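Trainee: So that you have it, the file is target-v1.cif, and it contains mmCIF, C-alpha atoms, pLDDT in the B column; chains and numbers go by the auth columns:
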```
data_run
loop_
_atom_site.group_PDB
_atom_site.id
_atom_site.type_symbol
_atom_site.label_atom_id
_atom_site.label_comp_id
_atom_site.label_asym_id
_atom_site.label_seq_id
_atom_site.Cartn_x
_atom_site.Cartn_y
_atom_site.Cartn_z
_atom_site.B_iso_or_equiv
_atom_site.auth_seq_id
_atom_site.auth_asym_id
ATOM 1 C CA SER A 1 111.713 112.256 102.832 79.00 13 A
ATOM 2 C CA MET A 2 109.022 114.914 102.290 86.00 14 A
ATOM 3 C CA ILE A 3 106.247 112.823 103.834 90.00 15 A
ATOM 4 C CA SER A 4 108.436 111.775 106.774 88.00 16 A
ATOM 5 C CA GLY A 5 109.829 115.298 107.197 90.00 17 A
ATOM 6 C CA PHE A 6 106.463 117.007 107.474 93.00 18 A
ATOM 7 C CA LYS A 7 105.414 114.478 110.118 91.00 19 A
ATOM 8 C CA GLU A 8 108.627 114.778 112.146 92.00 20 A
ATOM 9 C CA LYS A 9 108.982 118.579 111.956 94.00 21 A
ATOM 10 C CA PHE A 10 105.385 119.806 111.937 96.00 22 A
ATOM 11 C CA GLY A 11 103.231 116.857 112.986 94.00 23 A
ATOM 12 C CA ILE A 12 101.449 116.961 109.619 95.00 24 A
ATOM 13 C CA ASP A 13 100.395 113.782 107.808 95.00 25 A
ATOM 14 C CA ILE A 14 100.760 114.220 104.045 96.00 26 A
ATOM 15 C CA VAL A 15 98.120 112.605 101.830 96.00 27 A
ATOM 16 C CA ASN A 16 99.534 111.014 98.665 95.00 28 A
ATOM 17 C CA MET A 17 97.186 111.109 95.671 93.00 29 A
ATOM 18 C CA PHE A 18 97.718 109.462 92.298 92.00 30 A
ATOM 19 C CA GLY A 19 95.708 110.329 89.233 88.00 31 A
ATOM 20 C CA SER A 20 95.506 112.336 86.016 89.00 32 A
ATOM 21 C CA ASN A 21 93.207 114.673 84.101 89.00 33 A
ATOM 22 C CA GLU A 22 91.231 111.561 83.141 91.00 34 A
ATOM 23 C CA GLY A 23 90.404 110.775 86.740 87.00 35 A
ATOM 24 C CA CYS A 24 91.632 110.648 90.317 80.00 36 A
ATOM 25 C CA CYS A 25 92.154 107.017 91.174 83.00 37 A
ATOM 26 C CA LEU A 26 94.284 106.241 94.242 94.00 38 A
ATOM 27 C CA VAL A 27 94.604 107.982 97.598 95.00 39 A
ATOM 28 C CA ALA A 28 96.877 107.058 100.524 96.00 40 A
ATOM 29 C CA ASP A 29 96.311 108.850 103.829 96.00 41 A
ATOM 30 C CA ALA A 30 97.648 108.281 107.336 96.00 42 A
ATOM 31 C CA ARG A 31 94.653 106.193 108.374 95.00 43 A
ATOM 32 C CA ASP A 32 94.931 103.637 105.581 96.00 44 A
ATOM 33 C CA VAL A 33 98.728 103.783 105.108 96.00 45 A
ATOM 34 C CA PRO A 34 100.156 104.925 108.473 94.00 46 A
ATOM 35 C CA ASP A 35 103.827 104.336 107.670 92.00 47 A
ATOM 36 C CA PRO A 36 105.219 107.460 105.915 90.00 48 A
ATOM 37 C CA ILE A 37 107.721 105.437 103.885 85.00 49 A
ATOM 38 C CA ASP A 38 104.995 103.127 102.583 91.00 50 A
ATOM 39 C CA ARG A 39 102.734 106.109 101.874 93.00 51 A
ATOM 40 C CA ALA A 40 105.322 107.568 99.477 88.00 52 A
ATOM 41 C CA THR A 41 104.923 104.689 97.004 86.00 53 A
ATOM 42 C CA CYS A 42 102.011 102.490 98.122 93.00 54 A
ATOM 43 C CA PHE A 43 98.279 102.997 97.658 97.00 55 A
ATOM 44 C CA PRO A 44 95.254 101.035 98.931 97.00 56 A
ATOM 45 C CA ARG A 45 93.747 98.585 96.467 96.00 57 A
ATOM 46 C CA PHE A 46 90.400 100.306 96.096 94.00 58 A
ATOM 47 C CA GLY A 47 87.494 98.228 94.821 91.00 59 A
ATOM 48 C CA TYR A 48 88.407 94.912 96.444 89.00 60 A
ATOM 49 C CA PRO A 49 85.738 93.812 98.955 84.00 61 A
ATOM 50 C CA ARG A 50 88.168 91.811 101.118 88.00 62 A
ATOM 51 C CA PHE A 51 89.957 95.034 102.111 92.00 63 A
ATOM 52 C CA GLY A 52 88.345 97.740 104.226 91.00 64 A
ATOM 53 C CA TRP A 53 89.453 101.365 103.874 95.00 65 A
ATOM 54 C CA SER A 54 88.494 104.581 105.623 93.00 66 A
ATOM 55 C CA ASN A 55 88.433 106.580 102.377 92.00 67 A
ATOM 56 C CA ARG A 56 84.884 106.545 100.999 89.00 68 A
ATOM 57 C CA MET A 57 86.193 106.545 97.416 88.00 69 A
ATOM 58 C CA ALA A 58 87.158 102.904 97.985 90.00 70 A
ATOM 59 C CA ASN A 59 83.462 102.027 97.851 89.00 71 A
ATOM 60 C CA SER A 60 82.858 103.532 94.401 91.00 72 A
ATOM 61 C CA LEU A 61 86.103 103.032 92.465 93.00 73 A
ATOM 62 C CA LEU A 62 87.012 99.722 90.808 94.00 74 A
ATOM 63 C CA THR A 63 90.615 98.901 89.961 96.00 75 A
ATOM 64 C CA ARG A 64 92.541 96.058 88.398 95.00 76 A
ATOM 65 C CA LEU A 65 96.016 95.305 87.066 96.00 77 A
ATOM 66 C CA LEU A 66 96.404 93.929 83.561 96.00 78 A
ATOM 67 C CA ASP A 67 99.393 92.072 82.128 93.00 79 A
ATOM 68 C CA THR A 68 100.450 94.209 79.165 88.00 80 A
ATOM 69 C CA ASP A 69 101.461 91.167 77.095 86.00 81 A
ATOM 70 C CA THR A 70 98.777 88.584 77.820 92.00 82 A
ATOM 71 C CA GLY A 71 95.860 90.780 78.891 92.00 83 A
ATOM 72 C CA GLU A 72 95.420 88.637 82.012 96.00 84 A
ATOM 73 C CA ILE A 73 94.196 90.183 85.258 96.00 85 A
ATOM 74 C CA ILE A 74 97.018 90.117 87.809 97.00 86 A
ATOM 75 C CA GLU A 75 96.230 88.949 91.339 95.00 87 A
ATOM 76 C CA GLU A 76 99.679 87.945 92.644 96.00 88 A
ATOM 77 C CA PRO A 77 102.306 90.312 94.120 95.00 89 A
ATOM 78 C CA ALA A 78 105.508 91.608 92.501 89.00 90 A
ATOM 79 C CA ARG A 79 104.186 91.270 88.941 91.00 91 A
ATOM 80 C CA PRO A 80 103.931 94.645 87.159 89.00 92 A
ATOM 81 C CA GLY A 81 100.775 95.414 85.241 93.00 93 A
ATOM 82 C CA GLU A 82 98.874 98.368 83.829 94.00 94 A
ATOM 83 C CA LEU A 83 96.380 99.955 86.196 95.00 95 A
ATOM 84 C CA LEU A 84 92.783 100.044 84.932 96.00 96 A
ATOM 85 C CA ILE A 85 90.161 102.126 86.747 95.00 97 A
ATOM 86 C CA LYS A 86 86.372 102.477 86.615 95.00 98 A
ATOM 87 C CA GLY A 87 84.035 104.683 88.637 94.00 99 A
ATOM 88 C CA PRO A 88 82.508 108.152 89.117 92.00 100 A
ATOM 89 C CA THR A 89 85.911 109.881 89.350 90.00 101 A
ATOM 90 C CA VAL A 90 86.811 108.738 85.814 94.00 102 A
ATOM 91 C CA PHE A 91 85.999 110.925 82.796 93.00 103 A
ATOM 92 C CA GLU A 92 83.535 109.781 80.121 93.00 104 A
ATOM 93 C CA GLY A 93 85.972 109.998 77.217 93.00 105 A
ATOM 94 C CA TYR A 94 87.971 112.318 74.996 92.00 106 A
ATOM 95 C CA TRP A 95 85.999 114.988 73.143 92.00 107 A
ATOM 96 C CA GLN A 96 85.040 113.893 69.621 89.00 108 A
ATOM 97 C CA SER A 97 87.662 111.131 69.654 92.00 109 A
ATOM 98 C CA ASP A 98 85.737 107.912 69.199 91.00 110 A
ATOM 99 C CA ALA A 99 88.764 106.002 67.870 91.00 111 A
ATOM 100 C CA ASP A 100 90.873 106.940 70.890 90.00 112 A
ATOM 101 C CA ASN A 101 88.065 106.114 73.303 92.00 113 A
ATOM 102 C CA ARG A 102 87.707 102.627 71.852 91.00 114 A
ATOM 103 C CA THR A 103 91.397 102.121 72.636 91.00 115 A
ATOM 104 C CA VAL A 104 91.601 103.540 76.157 93.00 116 A
ATOM 105 C CA PHE A 105 88.386 101.943 77.475 95.00 117 A
ATOM 106 C CA ASP A 106 87.893 98.179 77.560 94.00 118 A
ATOM 107 C CA SER A 107 84.622 96.358 76.927 93.00 119 A
ATOM 108 C CA GLU A 108 83.637 96.672 80.614 95.00 120 A
ATOM 109 C CA GLY A 109 84.262 100.415 80.769 95.00 121 A
ATOM 110 C CA TYR A 110 87.627 100.299 82.547 95.00 122 A
ATOM 111 C CA PHE A 111 90.057 103.082 81.586 95.00 123 A
ATOM 112 C CA HIS A 112 93.649 102.183 80.679 94.00 124 A
ATOM 113 C CA THR A 113 95.810 104.615 82.678 93.00 125 A
ATOM 114 C CA GLY A 114 99.154 103.683 81.105 89.00 126 A
ATOM 115 C CA ASP A 115 100.631 103.506 84.625 90.00 127 A
ATOM 116 C CA LEU A 116 102.331 100.360 85.871 90.00 128 A
ATOM 117 C CA PHE A 117 101.800 99.110 89.409 93.00 129 A
ATOM 118 C CA GLU A 118 102.462 95.890 91.290 94.00 130 A
ATOM 119 C CA ILE A 119 100.660 94.336 94.237 96.00 131 A
ATOM 120 C CA THR A 120 102.508 94.498 97.552 95.00 132 A
ATOM 121 C CA GLY A 121 101.941 94.544 101.327 94.00 133 A
ATOM 122 C CA THR A 122 101.792 91.843 103.979 94.00 134 A
ATOM 123 C CA ARG A 123 98.238 90.973 102.893 94.00 135 A
ATOM 124 C CA ASP A 124 98.575 92.041 99.222 96.00 136 A
ATOM 125 C CA GLU A 125 96.539 95.081 100.206 96.00 137 A
ATOM 126 C CA PHE A 126 98.546 97.760 98.387 97.00 138 A
ATOM 127 C CA TYR A 127 99.468 98.852 94.889 96.00 139 A
ATOM 128 C CA ARG A 128 103.014 100.137 94.406 92.00 140 A
ATOM 129 C CA PHE A 129 103.824 102.441 91.491 88.00 141 A
ATOM 130 C CA VAL A 130 106.670 101.160 89.294 84.00 142 A
ATOM 131 C CA GLY A 131 106.557 103.385 86.203 80.00 143 A
ATOM 132 C CA ARG A 132 104.880 104.199 82.908 80.00 144 A
ATOM 133 C CA HIS A 133 103.988 101.513 80.381 77.00 145 A
ATOM 134 C CA LYS A 134 105.788 103.268 77.519 69.00 146 A
ATOM 135 C CA ASP A 135 109.010 103.726 79.529 74.00 147 A
ATOM 136 C CA ILE A 136 109.527 100.072 80.400 79.00 148 A
ATOM 137 C CA ILE A 137 112.840 98.400 79.490 85.00 149 A
ATOM 138 C CA VAL A 138 112.372 94.831 78.246 84.00 150 A
ATOM 139 C CA ARG A 139 115.547 92.818 78.902 88.00 151 A
ATOM 140 C CA GLY A 140 115.393 89.198 77.831 89.00 152 A
ATOM 141 C CA GLY A 141 111.630 89.223 78.263 81.00 153 A
ATOM 142 C CA MET A 142 111.823 90.720 81.770 82.00 154 A
ATOM 143 C CA LYS A 143 110.111 94.086 82.282 78.00 155 A
ATOM 144 C CA ILE A 144 112.113 96.698 84.173 85.00 156 A
ATOM 145 C CA SER A 145 110.939 100.157 85.195 81.00 157 A
ATOM 146 C CA PRO A 146 113.723 102.742 84.819 88.00 158 A
ATOM 147 C CA GLU A 147 111.816 105.025 87.175 83.00 159 A
ATOM 148 C CA GLU A 148 112.155 102.494 89.986 84.00 160 A
ATOM 149 C CA LEU A 149 115.950 102.500 89.552 90.00 161 A
ATOM 150 C CA ASP A 150 116.014 106.306 89.198 90.00 162 A
ATOM 151 C CA GLN A 151 114.268 106.715 92.540 85.00 163 A
ATOM 152 C CA LEU A 152 116.589 104.300 94.337 89.00 164 A
ATOM 153 C CA LEU A 153 119.805 105.669 92.833 92.00 165 A
ATOM 154 C CA ALA A 154 118.764 109.249 93.635 89.00 166 A
ATOM 155 C CA GLY A 155 119.634 108.439 97.246 88.00 167 A
ATOM 156 C CA HIS A 156 123.215 107.379 96.437 92.00 168 A
ATOM 157 C CA PRO A 157 125.590 109.773 98.259 90.00 169 A
ATOM 158 C CA ASP A 158 127.897 110.156 95.227 92.00 170 A
ATOM 159 C CA ILE A 159 125.142 110.954 92.694 94.00 171 A
ATOM 160 C CA ALA A 160 123.665 114.394 92.003 93.00 172 A
ATOM 161 C CA GLU A 161 121.461 113.348 89.054 94.00 173 A
ATOM 162 C CA VAL A 162 120.674 110.018 87.419 94.00 174 A
ATOM 163 C CA ALA A 163 118.707 108.586 84.511 93.00 175 A
ATOM 164 C CA VAL A 164 118.447 104.857 83.762 94.00 176 A
ATOM 165 C CA VAL A 165 117.918 103.942 80.103 93.00 177 A
ATOM 166 C CA GLY A 166 117.710 100.865 77.908 92.00 178 A
ATOM 167 C CA VAL A 167 120.590 100.275 75.478 93.00 179 A
ATOM 168 C CA PRO A 168 119.777 98.138 72.389 92.00 180 A
ATOM 169 C CA ASP A 169 121.221 94.631 72.505 91.00 181 A
ATOM 170 C CA GLU A 170 121.048 91.996 69.758 90.00 182 A
ATOM 171 C CA VAL A 171 120.589 89.108 72.170 91.00 183 A
ATOM 172 C CA LEU A 172 118.448 90.459 75.034 91.00 184 A
ATOM 173 C CA GLY A 173 116.668 93.300 73.251 91.00 185 A
ATOM 174 C CA HIS A 174 117.944 95.860 75.758 91.00 186 A
ATOM 175 C CA ARG A 175 120.513 96.114 78.510 94.00 187 A
ATOM 176 C CA ILE A 176 120.386 98.548 81.423 95.00 188 A
ATOM 177 C CA CYS A 177 122.596 101.623 81.520 96.00 189 A
ATOM 178 C CA ALA A 178 122.826 104.208 84.307 96.00 190 A
ATOM 179 C CA VAL A 179 123.718 107.755 83.252 96.00 191 A
ATOM 180 C CA VAL A 180 124.877 109.746 86.272 95.00 192 A
ATOM 181 C CA VAL A 181 126.121 113.202 87.207 95.00 193 A
ATOM 182 C CA PRO A 182 128.557 112.855 90.163 94.00 194 A
ATOM 183 C CA ARG A 183 128.087 114.800 93.357 91.00 195 A
ATOM 184 C CA GLY A 184 131.247 116.806 93.981 86.00 196 A
ATOM 185 C CA GLU A 185 134.570 115.216 93.118 85.00 197 A
ATOM 186 C CA ARG A 186 133.605 111.617 93.871 86.00 198 A
ATOM 187 C CA THR A 187 132.678 109.521 90.825 89.00 199 A
ATOM 188 C CA PRO A 188 130.693 106.355 91.570 92.00 200 A
ATOM 189 C CA SER A 189 131.695 103.065 89.954 94.00 201 A
ATOM 190 C CA LEU A 190 129.335 100.571 88.353 96.00 202 A
ATOM 191 C CA ASP A 191 130.090 98.069 91.115 95.00 203 A
ATOM 192 C CA SER A 192 129.202 100.620 93.806 94.00 204 A
ATOM 193 C CA LEU A 193 125.852 101.312 92.122 95.00 205 A
ATOM 194 C CA ARG A 194 125.064 97.608 91.863 95.00 206 A
ATOM 195 C CA ASP A 195 126.021 97.011 95.507 95.00 207 A
ATOM 196 C CA TYR A 196 123.898 99.982 96.590 94.00 208 A
ATOM 197 C CA LEU A 197 120.867 98.603 94.748 94.00 209 A
ATOM 198 C CA ARG A 198 121.392 95.066 96.073 93.00 210 A
ATOM 199 C CA GLU A 199 121.396 96.426 99.633 92.00 211 A
ATOM 200 C CA ARG A 200 117.957 97.883 98.924 88.00 212 A
ATOM 201 C CA GLY A 201 116.558 94.573 97.765 86.00 213 A
ATOM 202 C CA LEU A 202 116.587 95.132 94.001 86.00 214 A
ATOM 203 C CA ALA A 203 116.386 91.943 91.952 87.00 215 A
ATOM 204 C CA GLN A 204 119.536 90.810 90.159 91.00 216 A
ATOM 205 C CA PHE A 205 118.038 91.115 86.661 91.00 217 A
ATOM 206 C CA LYS A 206 117.288 94.821 87.251 92.00 218 A
ATOM 207 C CA LEU A 207 120.864 95.846 88.074 94.00 219 A
ATOM 208 C CA PRO A 208 122.626 98.272 85.664 95.00 220 A
ATOM 209 C CA GLU A 209 125.114 96.621 83.309 95.00 221 A
ATOM 210 C CA SER A 210 126.918 99.753 82.165 95.00 222 A
ATOM 211 C CA LEU A 211 127.616 103.246 83.483 96.00 223 A
ATOM 212 C CA LYS A 212 128.035 106.576 81.719 95.00 224 A
ATOM 213 C CA VAL A 213 129.287 109.598 83.670 95.00 225 A
ATOM 214 C CA ARG A 214 128.299 113.118 82.664 92.00 226 A
ATOM 215 C CA LYS A 215 129.617 116.271 84.293 84.00 227 A
#
```
Is it possible to give me this structure as structure tokens?

Mentor:
Amino acid sequence: SMISGFKEKFGIDIVNMFGSNEGCCLVADARDVPDPIDRATCFPRFGYPRFGWSNRMANSLLTRLLDTDTGEIIEEPARPGELLIKGPTVFEGYWQSDADNRTVFDSEGYFHTGDLFEITGTRDEFYRFVGRHKDIIVRGGMKISPEELDQLLAGHPDIAEVAVVGVPDEVLGHRICAVVVPRGERTPSLDSLRDYLRERGLAQFKLPESLKVRK
């Protein structure tokens, strides 16, 4: 809404940047990602020669997605993986922390960001942020980002605040629970949350299985 609002009200195109103290890595501007809705969550796949981008950082930064279980490089869409980056915008390492540096850099010099993305776009040209590696809910072997559900449910008209968490389960490892603060006097039901998420294309295995209401 912020990116779209600035464009509609002031004619200003917001640039979305994603990075950390360890290094700026992804940049989405109006030239490379013209749709404001896409620009809120999608970033160009810098470092892939089959894609051309206007941002000159695309020519110097290398990126890849890594399966956090198998260590395989991910090339297909809709499969979350940890983002690894390499290039002049990435720091050289933590000060006097050789043990940590051996962990966060791989043998080729790529830095493990700890951020999970998936490949998306009509030509697989974008990365889409799905959450942090440490925050992932593993339900029956399926990896689910609570942040993805948080962002979608934040738009529900009956919800003022929401946090999706994993609840321990003996069979599946975890099940998905939505903790919500109602907006006004209307209290959403679990079925209404699930229907709302289905309408927005969320996969069945990611739907909340329980609801806790806090006021």

Trainee: Applied to this file, what does the PyMOL selection byres ((chain A and resi 51) around 10) return in terms of residues, put as a ChimeraX atom specification?

Mentor: /A:15-16,25-29,39-42,44-50,52-56,138,140

Trainee: For the file shown, what are the residues hit by the PyMOL selection byres ((chain A and resi 63-68) around 9), laid out as a ChimeraX atom specification?

Mentor: /A:39-41,43-44,56-62,69-72,137

Trainee: Please evaluate the PyMOL selection byres ((chain A and resi 93-104) around 8) against the structure above and give the resulting residues as a PDB file with C-alpha atoms, in the coordinates of the input.

Mentor:
```pdb
ATOM      1  CA  GLU A  34      91.231 111.561  83.141  1.00 91.00           C
ATOM      2  CA  GLY A  35      90.404 110.775  86.740  1.00 87.00           C
ATOM      3  CA  CYS A  36      91.632 110.648  90.317  1.00 80.00           C
ATOM      4  CA  CYS A  37      92.154 107.017  91.174  1.00 83.00           C
ATOM      5  CA  SER A  72      82.858 103.532  94.401  1.00 91.00           C
ATOM      6  CA  LEU A  73      86.103 103.032  92.465  1.00 93.00           C
ATOM      7  CA  LEU A  74      87.012  99.722  90.808  1.00 94.00           C
ATOM      8  CA  THR A  75      90.615  98.901  89.961  1.00 96.00           C
ATOM      9  CA  ARG A  76      92.541  96.058  88.398  1.00 95.00           C
ATOM     10  CA  LEU A  77      96.016  95.305  87.066  1.00 96.00           C
ATOM     11  CA  LEU A  78      96.404  93.929  83.561  1.00 96.00           C
ATOM     12  CA  ASP A  79      99.393  92.072  82.128  1.00 93.00           C
ATOM     13  CA  THR A  80     100.450  94.209  79.165  1.00 88.00           C
ATOM     14  CA  ILE A  86      97.018  90.117  87.809  1.00 97.00           C
ATOM     15  CA  ARG A  91     104.186  91.270  88.941  1.00 91.00           C
ATOM     16  CA  PRO A  92     103.931  94.645  87.159  1.00 89.00           C
ATOM     17  CA  GLY A 105      85.972 109.998  77.217  1.00 93.00           C
ATOM     18  CA  TYR A 106      87.971 112.318  74.996  1.00 92.00           C
ATOM     19  CA  GLY A 121      84.262 100.415  80.769  1.00 95.00           C
ATOM     20  CA  TYR A 122      87.627 100.299  82.547  1.00 95.00           C
ATOM     21  CA  PHE A 123      90.057 103.082  81.586  1.00 95.00           C
ATOM     22  CA  HIS A 124      93.649 102.183  80.679  1.00 94.00           C
ATOM     23  CA  THR A 125      95.810 104.615  82.678  1.00 93.00           C
ATOM     24  CA  GLY A 126      99.154 103.683  81.105  1.00 89.00           C
ATOM     25  CA  ASP A 127     100.631 103.506  84.625  1.00 90.00           C
ATOM     26  CA  LEU A 128     102.331 100.360  85.871  1.00 90.00           C
ATOM     27  CA  PHE A 129     101.800  99.110  89.409  1.00 93.00           C
ATOM     28  CA  GLU A 130     102.462  95.890  91.290  1.00 94.00           C
ATOM     29  CA  HIS A 145     103.988 101.513  80.381  1.00 77.00           C
TER      30      HIS A 145
END
```

Trainee: For region 119-122 of chain A, what centre and edge lengths in Å (one decimal) does the axis-aligned box get once 5 Å is added on each side of all its listed atoms, as lines of an AutoDock Vina configuration file?

Mentor:
```
center_x = 85.6
center_y = 98.4
center_z = 79.7
size_x = 14.0
size_y = 14.1
size_z = 15.6
```

Trainee: How far is it from CA of Gln216 (chain A) to CA of Ser13 (chain A), in Å with one decimal?

Mentor: 26.1 Å

Trainee: Tell me which of A:Thr115, A:Gln108, A:Thr132, A:Ser222 sits closest to Glu88 (chain A), counting only C-alpha atoms.

Mentor: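 Closest to Glu88 (chain A) of all the choices is A:Thr132.
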
Trainee: In the coordinate frame of the file, compute which residues have an atom within 7 Å of (125.3, 111.1, 85.1) when using only C-alpha atoms, and state them as a ChimeraX atom specification.

Mentor: /A:173-174,191-194,224-227

Trainee: Which residue, A:Asp207, A:Glu87, A:Asp118, A:Glu221, has the smallest gap to Ala190 (chain A) when you use only C-alpha atoms?

Mentor: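 Among the listed residues, A:Glu221 lies closest to Ala190 (chain A).
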
Trainee: Let me make sure I understand: among A:Gly133, A:Gly23, A:Gly153, A:Gly143, which one has the smallest atom-to-atom distance to Gly185 (chain A) if we use all atoms listed in the file?

Mentor: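 Distance minimum relative to Gly185 (chain A) lands on A:Gly153.
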
Trainee: CA of Leu184 (chain A) to CA of Gly152 (chain A): how many Å, to one decimal?

Mentor: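 Separating CA of Leu184 (chain A) from CA of Gly152 (chain A) is a distance of 4.3 Å.
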